[in-house]
Structures are given as structure tokens and as C-alpha cells.
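Enquirer: Below you'll find coords.cif; it's mmCIF, C-alpha atoms and all ligand atoms.
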data_upload
loop_
_atom_site.label_atom_id
_atom_site.label_comp_id
_atom_site.auth_asym_id
_atom_site.auth_seq_id
_atom_site.Cartn_x
_atom_site.Cartn_y
_atom_site.Cartn_z
CA MET E 225 -152.97 70.34 -5.11
CA LYS E 226 -154.22 66.90 -4.17
CA VAL E 227 -154.20 65.43 -0.69
CA LEU E 228 -154.94 61.69 -0.36
CA ALA E 229 -156.14 60.83 3.16
CA ASN E 230 -155.85 57.07 2.73
CA ASP E 231 -156.89 56.12 6.28
CA GLY E 232 -159.50 58.90 6.64
CA LEU E 233 -159.34 62.46 7.98
CA ALA E 234 -161.63 64.33 10.40
CA LYS E 235 -163.95 66.99 9.00
CA SER E 236 -161.96 69.74 10.76
CA GLY E 237 -158.91 68.83 8.68
CA ILE E 238 -160.84 68.50 5.42
CA VAL E 239 -162.49 71.90 5.87
CA ALA E 240 -159.20 73.64 6.75
CA LEU E 241 -157.43 72.11 3.73
CA GLU E 242 -160.26 72.84 1.30
CA GLU E 243 -160.47 76.43 2.50
CA ALA E 244 -156.76 76.75 1.73
CA GLY E 245 -157.38 75.49 -1.82
CA PHE E 246 -156.41 71.81 -1.52
CA GLU E 247 -158.44 69.00 -3.03
CA VAL E 248 -158.93 66.22 -0.45
CA GLU E 249 -159.45 62.60 -1.59
CA LEU E 250 -160.84 60.22 1.03
CA THR E 251 -160.62 57.05 -1.10
CA THR E 252 -158.94 54.11 0.65
CA VAL E 253 -156.54 52.82 -1.98
CA ALA E 254 -155.22 49.26 -1.51
CA GLN E 255 -151.57 49.16 -0.45
CA ASP E 256 -150.37 47.51 -3.69
CA GLN E 257 -152.15 50.11 -5.84
CA LEU E 258 -150.96 53.19 -4.01
CA VAL E 259 -147.96 53.99 -6.22
CA ASP E 260 -150.09 53.95 -9.39
CA TYR E 261 -152.90 55.94 -7.76
CA ILE E 262 -150.54 58.64 -6.45
CA ASN E 263 -148.84 58.98 -9.86
CA GLU E 264 -152.06 58.98 -11.91
CA ASN E 265 -153.66 61.61 -9.63
CA LYS E 266 -150.48 63.62 -8.97
CA VAL E 267 -151.01 63.41 -5.22
CA VAL E 268 -148.83 65.93 -3.36
CA VAL E 269 -149.70 64.99 0.24
CA LEU E 270 -150.27 61.43 1.46
CA LEU E 271 -151.96 61.26 4.86
CA VAL E 272 -152.11 57.98 6.78
CA ARG E 273 -152.91 56.72 10.26
CA SER E 274 -151.53 53.31 11.25
CA ALA E 275 -153.02 51.09 8.51
CA THR E 276 -151.27 52.34 5.34
CA LYS E 277 -147.54 51.65 5.08
CA VAL E 278 -145.29 54.21 3.45
CA ARG E 279 -142.15 52.33 2.48
CA THR E 280 -139.37 52.84 -0.06
CA ASP E 281 -141.56 51.67 -2.99
CA ILE E 282 -143.80 54.72 -2.56
CA ILE E 283 -141.02 57.12 -1.56
CA ASP E 284 -138.86 56.17 -4.59
CA ASN E 285 -141.55 55.96 -7.24
CA CYS E 286 -143.91 58.88 -6.61
CA PRO E 287 -142.23 62.11 -7.77
CA SER E 288 -145.33 64.28 -7.16
CA LEU E 289 -145.27 63.52 -3.42
CA LYS E 290 -143.97 66.31 -1.17
CA ILE E 291 -145.45 65.50 2.25
CA ILE E 292 -146.19 62.30 4.12
CA GLY E 293 -148.40 62.98 7.15
CA ARG E 294 -149.21 60.61 9.99
CA GLY E 295 -152.36 61.42 11.94
CA GLY E 296 -151.20 60.35 15.39
CA VAL E 297 -147.94 59.47 17.12
CA GLY E 298 -145.94 56.33 16.24
CA MET E 299 -144.44 56.53 12.75
CA ASP E 300 -143.32 52.89 12.52
CA ASN E 301 -145.48 52.43 9.37
CA ILE E 302 -143.41 55.08 7.56
CA ASP E 303 -139.73 54.92 6.50
CA VAL E 304 -139.22 58.35 8.03
CA GLU E 305 -135.45 58.85 7.70
CA TYR E 306 -135.40 57.44 4.18
CA ALA E 307 -138.20 59.79 3.11
CA ARG E 308 -136.52 62.81 4.69
CA GLY E 309 -133.25 61.82 3.00
CA LYS E 310 -135.09 62.01 -0.32
CA GLY E 311 -136.29 65.56 0.49
CA LEU E 312 -139.84 64.71 1.56
CA HIS E 313 -141.48 66.36 4.56
CA VAL E 314 -142.69 63.84 7.12
CA ILE E 315 -145.09 65.25 9.70
CA ASN E 316 -147.22 63.87 12.55
CA THR E 317 -149.36 65.10 15.44
CA PRO E 318 -147.59 63.88 18.57
CA ALA E 319 -149.74 65.53 21.24
CA ALA E 320 -153.22 65.28 19.73
CA SER E 321 -154.23 61.89 21.07
CA SER E 322 -152.47 61.70 24.46
CA HIS E 323 -155.58 62.31 26.53
CA SER E 324 -157.70 59.89 24.48
CA VAL E 325 -155.21 57.08 25.00
CA ALA E 326 -154.96 57.90 28.71
CA GLU E 327 -158.75 57.72 29.07
CA LEU E 328 -158.84 54.37 27.27
CA VAL E 329 -156.26 53.04 29.73
CA PHE E 330 -158.63 53.99 32.53
CA ALA E 331 -161.63 52.53 30.73
CA HIS E 332 -159.72 49.23 30.78
CA LEU E 333 -158.48 49.67 34.36
CA PHE E 334 -161.94 50.39 35.77
CA GLY E 335 -163.29 47.52 33.71
CA ILE E 336 -160.82 44.90 34.84
CA ALA E 337 -161.00 46.06 38.48
CA ARG E 338 -164.73 45.22 38.45
CA PHE E 339 -164.88 42.21 36.07
CA LEU E 340 -166.66 44.20 33.34
CA PRO E 341 -165.16 42.27 30.39
CA GLN E 342 -166.36 38.93 31.80
CA ALA E 343 -169.69 40.30 33.06
CA ASN E 344 -170.37 41.85 29.66
CA ARG E 345 -169.68 38.52 27.98
CA GLU E 346 -171.85 36.51 30.38
CA MET E 347 -174.80 38.75 31.21
CA PRO E 348 -176.44 38.48 27.76
CA LEU E 349 -176.14 34.66 27.91
CA GLU E 350 -176.82 33.88 31.58
CA GLY E 351 -177.90 37.11 33.26
CA GLU E 352 -181.50 35.92 33.40
CA SER E 353 -180.97 32.33 34.51
CA LYS E 354 -177.87 32.68 36.72
CA PHE E 355 -177.98 36.24 38.08
CA LYS E 356 -176.99 35.24 41.61
CA VAL E 357 -174.17 32.97 40.40
CA LEU E 358 -172.72 35.82 38.35
CA LYS E 359 -173.20 38.28 41.20
CA LYS E 360 -171.11 36.01 43.42
CA ALA E 361 -168.51 35.32 40.72
CA TYR E 362 -167.86 39.03 40.23
CA ALA E 363 -168.15 40.13 43.85
CA LYS E 364 -164.42 40.57 44.55
CA GLY E 365 -163.89 43.87 42.80
CA VAL E 366 -161.12 46.27 43.80
CA GLU E 367 -160.93 50.05 43.88
CA LEU E 368 -158.25 51.99 42.02
CA ARG E 369 -158.06 54.69 44.69
CA GLY E 370 -155.09 54.07 46.98
CA LYS E 371 -153.45 51.60 44.58
CA THR E 372 -150.15 52.12 42.79
CA LEU E 373 -150.07 52.74 39.05
CA GLY E 374 -146.73 51.90 37.47
CA LEU E 375 -145.89 53.58 34.18
CA ILE E 376 -143.24 52.34 31.78
CA GLY E 377 -142.55 55.26 29.46
CA PHE E 378 -143.22 58.70 30.90
CA GLY E 379 -143.62 60.84 27.78
CA ARG E 380 -146.81 62.56 26.65
CA ILE E 381 -149.24 59.67 27.10
CA GLY E 382 -147.54 58.34 30.23
CA GLN E 383 -147.88 61.77 31.82
CA ALA E 384 -151.51 62.19 30.68
CA THR E 385 -152.26 58.79 32.25
CA ALA E 386 -150.46 59.83 35.45
CA LYS E 387 -152.67 62.93 35.75
CA ILE E 388 -155.87 60.87 35.65
CA ALA E 389 -154.40 58.46 38.20
CA LEU E 390 -153.46 61.31 40.54
CA GLY E 391 -156.96 62.75 40.22
CA LEU E 392 -158.33 59.40 41.34
CA GLY E 393 -156.12 59.22 44.40
CA MET E 394 -153.69 56.64 43.07
CA LYS E 395 -149.96 56.62 43.80
CA VAL E 396 -147.93 56.97 40.59
CA VAL E 397 -144.48 55.50 39.96
CA ALA E 398 -142.77 55.76 36.60
CA PHE E 399 -139.71 54.58 34.68
CA ASP E 400 -138.28 56.29 31.61
CA PRO E 401 -134.61 56.07 30.67
CA PHE E 402 -134.72 59.56 29.12
CA ILE E 403 -136.82 61.47 31.68
CA ASP E 404 -135.67 62.05 35.27
CA ALA E 405 -138.68 64.02 36.48
CA ALA E 406 -141.92 65.48 35.21
CA HIS E 407 -143.80 68.51 36.45
CA LEU E 408 -147.49 67.70 36.05
CA GLU E 409 -150.30 70.22 36.13
CA LEU E 410 -153.77 68.86 36.93
CA GLU E 411 -156.26 71.36 35.57
CA PHE E 412 -159.81 71.45 36.89
CA PHE E 413 -163.01 72.77 35.32
CA ASP E 414 -162.98 75.96 37.41
CA HIS E 415 -159.41 76.90 36.36
CA GLN E 416 -157.86 75.70 39.58
CA SER E 417 -154.69 73.67 39.16
CA LEU E 418 -152.69 71.29 41.29
CA PHE E 419 -149.02 70.66 40.61
CA PHE E 420 -147.16 67.39 41.10
CA GLU E 421 -143.48 66.62 40.64
CA ILE E 422 -142.88 62.95 39.83
CA ASN E 423 -139.30 61.67 39.83
CA THR E 424 -138.81 58.54 37.77
CA ILE E 425 -137.38 55.41 39.42
CA SER E 426 -135.81 52.21 38.09
CA LYS E 427 -137.79 49.84 35.89
CA GLU E 428 -137.28 47.08 38.45
CA ASP E 429 -138.76 49.21 41.25
CA VAL E 430 -141.76 50.18 39.10
CA LEU E 431 -142.42 46.52 38.33
CA LYS E 432 -142.15 45.57 42.01
CA GLU E 433 -144.37 48.38 43.28
CA ALA E 434 -147.16 48.49 40.71
CA ASP E 435 -150.62 47.09 41.40
CA PHE E 436 -151.51 48.18 37.87
CA LEU E 437 -148.90 48.64 35.16
CA SER E 438 -149.41 50.64 31.96
CA LEU E 439 -146.98 50.86 29.05
CA HIS E 440 -146.38 54.04 27.07
CA VAL E 441 -143.23 53.43 25.07
CA PRO E 442 -142.64 53.57 21.31
CA ALA E 443 -142.32 50.40 19.22
CA GLN E 444 -138.96 48.77 19.80
CA LYS E 445 -136.92 45.74 18.75
CA GLU E 446 -137.04 43.90 22.10
CA TYR E 447 -139.97 43.13 24.37
CA VAL E 448 -140.23 45.64 27.21
CA ILE E 449 -142.30 43.18 29.24
CA SER E 450 -141.53 39.47 29.01
CA THR E 451 -141.19 36.56 31.48
CA LYS E 452 -138.32 38.15 33.45
CA GLU E 453 -140.24 41.39 34.01
CA LEU E 454 -143.52 39.61 34.80
CA GLU E 455 -141.76 37.55 37.46
CA LEU E 456 -140.72 40.76 39.24
CA MET E 457 -144.29 41.99 39.51
CA LYS E 458 -146.63 41.58 42.50
CA ASP E 459 -148.76 38.44 42.46
CA GLY E 460 -152.16 39.39 41.09
CA ALA E 461 -151.03 42.64 39.44
CA CYS E 462 -152.70 43.87 36.25
CA ILE E 463 -151.19 45.17 33.00
CA VAL E 464 -152.45 47.44 30.22
CA ASN E 465 -150.77 47.73 26.82
CA ALA E 466 -152.12 50.60 24.74
CA ALA E 467 -148.67 51.40 23.32
CA ARG E 468 -147.67 49.10 20.48
CA GLY E 469 -147.97 45.39 19.72
CA GLY E 470 -144.62 43.72 20.40
CA VAL E 471 -143.90 45.78 23.49
CA VAL E 472 -145.42 43.03 25.65
CA ASP E 473 -144.54 39.39 24.96
CA GLU E 474 -148.04 37.96 24.42
CA VAL E 475 -146.99 34.34 24.99
CA ALA E 476 -145.37 35.24 28.32
CA LEU E 477 -148.43 37.30 29.26
CA VAL E 478 -150.87 34.45 28.59
CA GLU E 479 -148.64 32.12 30.65
CA ALA E 480 -148.60 34.61 33.53
CA LEU E 481 -152.39 34.94 33.35
CA GLU E 482 -152.83 31.17 33.36
CA LYS E 483 -150.55 30.83 36.40
CA GLY E 484 -152.44 33.65 38.15
CA LYS E 485 -149.18 35.62 38.51
CA ILE E 486 -150.92 38.40 36.58
CA ALA E 487 -154.60 38.62 37.50
CA LYS E 488 -155.83 40.47 34.43
CA ALA E 489 -154.58 42.41 31.49
CA ALA E 490 -155.89 44.74 28.83
CA LEU E 491 -154.69 45.02 25.26
CA ASP E 492 -155.50 47.70 22.72
CA VAL E 493 -152.57 46.72 20.50
CA PHE E 494 -151.37 43.33 19.31
CA GLU E 495 -148.26 41.67 17.96
CA LYS E 496 -150.33 40.48 14.99
CA GLU E 497 -152.56 43.28 13.75
CA PRO E 498 -155.13 43.08 12.26
CA THR E 499 -155.36 39.35 13.08
CA PRO E 500 -154.62 38.96 16.81
CA GLU E 501 -153.95 35.48 18.17
CA VAL E 502 -157.16 33.63 19.00
CA GLN E 503 -155.67 32.63 22.41
CA LEU E 504 -155.81 36.31 23.29
CA LEU E 505 -159.28 36.89 21.89
CA MET E 506 -160.75 33.97 23.85
CA ASN E 507 -158.93 34.63 27.15
CA PRO E 508 -161.48 35.56 29.84
CA ASN E 509 -158.88 37.52 31.81
CA LEU E 510 -158.14 39.91 28.99
CA SER E 511 -159.96 43.15 28.33
CA LEU E 512 -159.68 43.80 24.60
CA THR E 513 -160.10 46.72 22.22
CA PRO E 514 -159.16 46.88 18.51
CA HIS E 515 -156.46 49.62 18.58
CA ILE E 516 -158.81 52.48 19.38
CA GLY E 517 -156.58 54.47 21.76
CA ALA E 518 -156.69 57.62 19.65
CA ALA E 519 -160.17 57.00 18.27
CA THR E 520 -162.19 59.77 19.87
CA GLY E 521 -163.93 62.53 17.95
CA GLU E 522 -161.97 65.10 19.93
CA ALA E 523 -158.58 63.55 19.13
CA GLN E 524 -159.44 63.11 15.45
CA ASP E 525 -160.49 66.78 15.28
CA ARG E 526 -157.21 67.88 16.87
CA ILE E 527 -155.28 65.58 14.49
CA GLY E 528 -157.13 66.99 11.46
CA THR E 529 -156.54 70.62 12.40
CA GLU E 530 -152.87 70.07 13.31
CA LEU E 531 -152.12 68.21 10.06
CA ALA E 532 -153.91 70.83 7.96
CA SER E 533 -152.04 73.73 9.55
CA GLN E 534 -148.66 72.00 9.09
CA ILE E 535 -149.45 71.22 5.42
CA ILE E 536 -150.54 74.82 4.79
CA ASP E 537 -147.37 76.13 6.47
CA ILE E 538 -145.15 73.95 4.29
CA LEU E 539 -146.85 74.34 0.91
CA LYS E 540 -148.50 77.75 0.91
N1 LIG B 601 -153.31 52.73 21.33
C1 LIG B 601 -153.27 53.72 20.47
O1 LIG B 601 -154.16 53.91 19.65
C2 LIG B 601 -152.11 54.68 20.49
C3 LIG B 601 -152.31 56.02 20.14
C4 LIG B 601 -151.25 56.89 20.20
C5 LIG B 601 -150.01 56.43 20.60
N2 LIG B 601 -149.83 55.12 20.93
C6 LIG B 601 -148.52 54.62 21.38
O2 LIG B 601 -148.12 55.27 22.55
C7 LIG B 601 -146.69 55.44 22.49
C8 LIG B 601 -146.27 56.55 23.43
O3 LIG B 601 -146.73 57.79 22.90
P1 LIG B 601 -146.26 59.17 23.53
O4 LIG B 601 -146.99 60.26 22.81
O5 LIG B 601 -146.35 59.13 25.01
O6 LIG B 601 -144.72 59.16 23.08
P2 LIG B 601 -143.53 59.98 23.77
O7 LIG B 601 -142.42 59.96 22.78
O8 LIG B 601 -144.04 61.28 24.26
O9 LIG B 601 -143.16 59.08 25.05
C9 LIG B 601 -142.58 57.82 24.94
C10 LIG B 601 -141.60 57.72 26.11
O10 LIG B 601 -141.14 56.36 26.16
C11 LIG B 601 -139.80 56.42 26.65
N3 LIG B 601 -139.16 55.14 26.37
C12 LIG B 601 -138.62 54.69 25.22
N4 LIG B 601 -138.18 53.43 25.38
C13 LIG B 601 -138.46 53.08 26.66
C14 LIG B 601 -138.25 51.90 27.42
N5 LIG B 601 -137.69 50.83 26.88
N6 LIG B 601 -138.66 51.89 28.72
C15 LIG B 601 -139.25 52.97 29.26
N7 LIG B 601 -139.47 54.11 28.59
C16 LIG B 601 -139.08 54.16 27.30
C17 LIG B 601 -139.20 57.60 25.92
O11 LIG B 601 -138.07 58.10 26.59
C18 LIG B 601 -140.36 58.59 25.92
O12 LIG B 601 -140.26 59.51 27.00
C19 LIG B 601 -146.47 55.76 20.99
O13 LIG B 601 -145.18 55.55 20.57
C20 LIG B 601 -147.43 54.85 20.32
O14 LIG B 601 -146.75 53.63 20.05
C21 LIG B 601 -150.85 54.25 20.89
#
Mind turning the file's structure into C-alpha cells?
Expert:
Amino acid sequence: MKVLANDGLAKSGIVALEEAGFEVELTTVAQDQLVDYINENKVVVLLVRSATKVRTDIIDNCPSLKIIGRGGVGMDNIDVEYARGKGLHVINTPAASSHSVAELVFAHLFGIARFLPQANREMPLEGESKFKVLKKAYAKGVELRGKTLGLIGFGRIGQATAKIALGLGMKVVAFDPFIDAAHLELEFFDHQSLFFEINTISKEDVLKEADFLSLHVPAQKEYVISTKELELMKDGACIVNAARGGVVDEVALVEALEKGKIAKAALDVFEKEPTPEVQLLMNPNLSLTPHIGAATGEAQDRIGTELASQIIDILK
């Protein structure tokens, strides 16, 4: 049986599938040629990450297909209900990348707290000639310890982010319309654990209290953060969006950065992917990454193994 991993698959997944007798194709087939490719090669399992879209054209016209698998969380690139209605299995790996995304949030937070995005842009150009000028320009760093991290969305990634924040000595406040409280276990290398109970509060209170705000909600129709929400925030607060493009209103964010209402922000996801607005790319107060939240070797290994074991369970 053929598995097409159109957006790649970690070695752990390939090995597990091949050992179970599957043939794994790692070719990246162009979106408009996918239907023909799947039919010609009688592909039974189509695996994607976020790049390949699995819409009705594929679901309706590829009779060999039995499973659509998403390596990762958000399934907005797949017509999930439609596919299930047609008898296809749609699977994903919801927990595999939570810690990777949480660590990326902190990579951005530590970076923006100490001017790393700007310093990294300027040091290669002027580090030799204007060292003292740059040293002065980036002298007003802040520490994360003792500050308040606000979380919008307190599911798997929100909670993983909260654990890192608690370990650093930050206060954590969170809003989630579907979660009243979370019981968090912070596990240490020597098997000791600390337990925290965090009760969620209103969105308005999170926005008012946060020094740093991080979003961990699924893709949705409306902006979660736009002008109204930004106005409620502390002057000089910072925002990270490693959830989905379209969760934060980018125009409103740039305006807030220009006014100084928001001091800095970090974006891993963009309203226009893979061609983000140039106003974002050139903004010195933005820390930017190209949608790499789940892109660690460890997460990709977990994704590969989880997908393989689900496929084997369904088909073998
Ligand atoms: N940057 C990346 O590479 C990357 C990687 C993985 C996931 N993600 C994104 O992270 C998101 C969160 O993932 P997760 O595993 O934590 O999902 P999850 O389902 O465990 O948690 C999402 C939480 O958001 C809450 N929520 C929904 N709408 C909300 C709203 N308007 N305001 C506040 N809370 C709201 C839900 O109740 C849920 O508890 C994913 O949907 C995906 O879009 C990004």
C-alpha cells in the first residue's frame, strides 16, 4: 500500500511504516497535479503538514484514498468533515508539537526583551564601526522573571507555554472560553514535580494584565486581536502570535507598533502565507520566523511515529 508524504515525513515515521509493509513516497507533488498522481499511483494514505491543501477535488476524485493524515495540529488545510462524510479517515497528531511551539514562543520573548532581532540585523553591518552606539541603543532590556504572561487559548500549547513561564518565575494569566481551570505539572530532570492550578479569567482582564501576550487559539473567522483588544493592553506590552495567521489583525498590530502602544511583537504565522506583507518583514519592532513552531527534530519524530501507529492501527 502506498503512502504519499507530500510535505515530508520524519525518518521515524518512514521506518515504522516500511517495517509494517507500506511503501512511502516522499515526492512533493504540485497541488494541481495531486489528483492525477494519487490515481496513477493508487495512493492509499495522503500525509500533509500545512502546505498541501486537501479539498473536495481530491476527496471526490481519488477512490484509492483511505486516510488523510496531518502531521501537526490545525487541520484548516483539510476539508475534514467533508472527507469523513465520504468515509475517509482523517487523522492528526495534536500533542506532538506543543512543547516545540512553546519553546519558540520563548525564543521570541527572550529575543524581543533584549533587542535580539534588531541587534542581529545591525551587528553584521555596524557592529565594527558603531559598537558603542548599538550598545547604548539596546541597553534598555527587560527581564521576563516577575512579569505577567497573558495567554489567549489555554489548550495544549497554551498550557505548555504556561509551564515554561512558571519555571522562569513569571505570573501566568489565561483566557479560554472552554476551559475554566488547568492543573499543570512542571516536571524536572530529577523526577521532581511541582503542581500549579491556573483558573482562567476574562479575555479583557488578560489583555489588561499582560506584559507579554501569547496566542494559542485555532484558526477562526474573526480576528482575536484587533484594534479594540490592543487598546485594552498595557502601554509598551509585547505580543507573540505562533498560532495561525488571521488570529491577529496585522494592520492593527503595525499601527499599534508605530504608535508605541505595543512595544514589540513576534510573528511565526502570517495572514498571507507564504508571501507575508513587506510592511511586516521590514518592521524593526517585529521578531519574525517563517512558521517553524513545530519544526524541531524531536517534534517531527513524535509526529512521524504517531502518524505511523495510527495508520497501522487503521489499515492492518
Ligand atoms: N506555529 C506553528 O508552527 C504551530 C504549530 C502547531 C500548532 N499551531 C497552532 O496552535 C494552535 C493551538 O494548538 P493547541 O494544540 O494548543 O490546540 P488546542 O485545541 O489544544 O487549544 C486551543 C484552545 O483555544 C481555545 N480557543 C478557541 N477559540 C478561542 C478564543 N477565541 N479565545 C480564546 N481561546 C480560544 C480552545 O478552547 C482550546 O482550548 C493550533 O490550532 C494551531 O493553529 C501552530
Enquirer: Can you write out as a Markdown table which residues of chain E fall within 8 Å of ligand LIG 601 (chain B), alongside each residue's closest atom pair and its distance in Å to one decimal, counting all atoms listed in the file and ordering rows by chain and ascending residue number?
Expert:
| residue | atom | partner | partner_atom | distance |
| --- | --- | --- | --- | --- |
| E:Gly296 | CA | B:LIG601 | C4 | 5.9 |
| E:Val297 | CA | B:LIG601 | C5 | 5.1 |
| E:Gly298 | CA | B:LIG601 | O13 | 4.5 |
| E:Met299 | CA | B:LIG601 | O13 | 7.9 |
| E:Pro318 | CA | B:LIG601 | O4 | 5.6 |
| E:Ala319 | CA | B:LIG601 | O4 | 6.1 |
| E:Ser321 | CA | B:LIG601 | C4 | 5.9 |
| E:Ser322 | CA | B:LIG601 | O4 | 5.9 |
| E:Ser324 | CA | B:LIG601 | C3 | 7.9 |
| E:Val325 | CA | B:LIG601 | C3 | 5.8 |
| E:Ile376 | CA | B:LIG601 | C15 | 4.8 |
| E:Gly377 | CA | B:LIG601 | N7 | 3.4 |
| E:Phe378 | CA | B:LIG601 | O12 | 5.0 |
| E:Gly379 | CA | B:LIG601 | O9 | 3.3 |
| E:Arg380 | CA | B:LIG601 | O5 | 3.8 |
| E:Ile381 | CA | B:LIG601 | O5 | 3.6 |
| E:Gly382 | CA | B:LIG601 | O5 | 5.4 |
| E:Gln383 | CA | B:LIG601 | O5 | 7.5 |
| E:Phe399 | CA | B:LIG601 | C15 | 5.7 |
| E:Asp400 | CA | B:LIG601 | N7 | 3.9 |
| E:Pro401 | CA | B:LIG601 | N7 | 5.6 |
| E:Phe402 | CA | B:LIG601 | O11 | 4.4 |
| E:Ile403 | CA | B:LIG601 | O12 | 6.1 |
| E:Lys427 | CA | B:LIG601 | C15 | 7.5 |
| E:Leu439 | CA | B:LIG601 | O2 | 7.9 |
| E:His440 | CA | B:LIG601 | C8 | 4.4 |
| E:Val441 | CA | B:LIG601 | O10 | 3.8 |
| E:Pro442 | CA | B:LIG601 | O13 | 3.3 |
| E:Ala443 | CA | B:LIG601 | O14 | 5.5 |
| E:Gln444 | CA | B:LIG601 | N4 | 7.3 |
| E:Val448 | CA | B:LIG601 | N5 | 5.8 |
| E:Asn465 | CA | B:LIG601 | N1 | 7.8 |
| E:Ala466 | CA | B:LIG601 | N1 | 4.2 |
| E:Ala467 | CA | B:LIG601 | C6 | 3.8 |
| E:Arg468 | CA | B:LIG601 | O14 | 4.6 |
| E:Asp492 | CA | B:LIG601 | N1 | 5.7 |
| E:Val493 | CA | B:LIG601 | N1 | 6.1 |
| E:His515 | CA | B:LIG601 | O1 | 5.0 |
| E:Ile516 | CA | B:LIG601 | O1 | 4.9 |
| E:Gly517 | CA | B:LIG601 | O1 | 3.3 |
| E:Ala518 | CA | B:LIG601 | O1 | 4.5 |
| E:Ala519 | CA | B:LIG601 | O1 | 6.9 |
Enquirer: So, with all atoms listed in the file as the atoms that count, which of E:Leu418, E:Ile302, E:Val475, E:Ala326 lies closest to Ser274 of chain E?
Expert: E:Ile302
Enquirer: Leaving out segment 229-236 of chain E and any residue of its chain fewer than 4 positions from it, which residues lie within 9 Å of it when counting all atoms listed in the file, given as a PyMOL selection string?
Expert: chain E and resi 240-241+248-254+269-276+293+295+521+524-529+532
Enquirer: Fewer than 2 positions away in the same chain doesn't count, so skip those; otherwise give me all residues within 9 Å of Pro287 of chain E, counting only C-alpha atoms, as a VMD selection string.
Expert: chain E and resid 263 266 268 283 to 285 289 to 290
Enquirer: Emit the selected residues as a PDB file, keeping the file's coordinate frame, including C-alpha atoms.
Expert:
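Result file is part.pdb:
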ATOM      1  CA  ASN E 263    -148.840  58.980  -9.860  1.00  0.00           C
ATOM      2  CA  LYS E 266    -150.480  63.620  -8.970  1.00  0.00           C
ATOM      3  CA  VAL E 268    -148.830  65.930  -3.360  1.00  0.00           C
ATOM      4  CA  ILE E 283    -141.020  57.120  -1.560  1.00  0.00           C
ATOM      5  CA  ASP E 284    -138.860  56.170  -4.590  1.00  0.00           C
ATOM      6  CA  ASN E 285    -141.550  55.960  -7.240  1.00  0.00           C
ATOM      7  CA  LEU E 289    -145.270  63.520  -3.420  1.00  0.00           C
ATOM      8  CA  LYS E 290    -143.970  66.310  -1.170  1.00  0.00           C
TER       9      LYS E 290
END
Enquirer: Of the candidates E:Ile449, E:Ile292, E:Ala490, E:Val464, which shows the shortest atom-to-atom distance to Leu504 of chain E, using all atoms listed in the file?
Expert: E:Ala490
Enquirer: In Å, with one decimal, what is the gap from atom CA of Pro508 of chain E to atom CA of Glu350 of chain E?
Expert: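 So the two atoms, atom CA of Pro508 of chain E and atom CA of Glu350 of chain E, lie 15.5 Å apart.
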Enquirer: Using Å and a single decimal, report how far atom CA of Phe339 of chain E sits from atom CA of Val366 of chain E.
Expert: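 Computing the Euclidean distance for atom CA of Val366 of chain E and atom CA of Phe339 of chain E yields 9.5 Å.
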Enquirer: Quick one: residues within 12 Å of Lys445 of chain E, only C-alpha atoms counted, chain neighbours fewer than 5 positions away excluded, as a ChimeraX atom specification?
Expert: /E:300,468-473
Enquirer: Write out as a list in words the residues lying within 9 Å of segment 346-348 of chain E, counting all atoms listed in the file and excluding same-chain residues fewer than 6 positions away.
Expert: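 My reading of the contact set: Lys354, Phe355 and Leu358 of chain E.
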Enquirer: Quick one: distance from atom CA of Asp260 of chain E to atom CA of Ile291 of chain E in Å, one decimal?
Expert: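 Going from atom CA of Asp260 of chain E over to atom CA of Ile291 of chain E covers 17.0 Å.
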Enquirer: Any idea what's packed within 8 Å of Gly484 of chain E, counting only C-alpha atoms, ignoring anything in its chain fewer than 4 positions away? Could you give it as a ChimeraX atom specification?
Expert: /E:459-460,480
Enquirer: Which of these, E:Ile463, E:Ala307, E:Ile315, E:Val267, has the shortest distance to Ile538 of chain E once you count all atoms listed in the file?
Expert: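 Comparing E:Ile463, E:Ala307, E:Ile315, E:Val267 against Ile538 of chain E, the winner is E:Ile315.
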Enquirer: Go through E:Glu327, E:Glu421, E:Asp281, E:Glu474 one by one, measure the shortest atom-to-atom distance of each to Val259 of chain E using all atoms listed in the file, and give the residue with the smallest value.
Expert: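 Residue with the minimum atom-to-atom distance to Val259 of chain E: E:Asp281.
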Enquirer: Closest to Leu368 of chain E among E:Val478, E:Ile336, E:Ile536, E:Ile422, using all atoms listed in the file?
Expert: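 So, comparing all the options, the nearest one is E:Ile336.
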Enquirer: From the set E:Lys277, E:Ile282, E:Gly391, E:Lys310, which residue has the shortest atom-to-atom contact distance to Glu411 of chain E, counting only C-alpha atoms?
Expert: E:Gly391
Enquirer: Provide an axis-aligned box for all listed atoms of segment 437-456 of chain E, padding each side by 4 Å; report its centre and its edge lengths in Å to one decimal, as AutoDock Vina command-line options.
Expert:
--center_x -143.2 --center_y 45.3 --center_z 29.0 --size_x 20.5 --size_y 25.5 --size_z 28.5
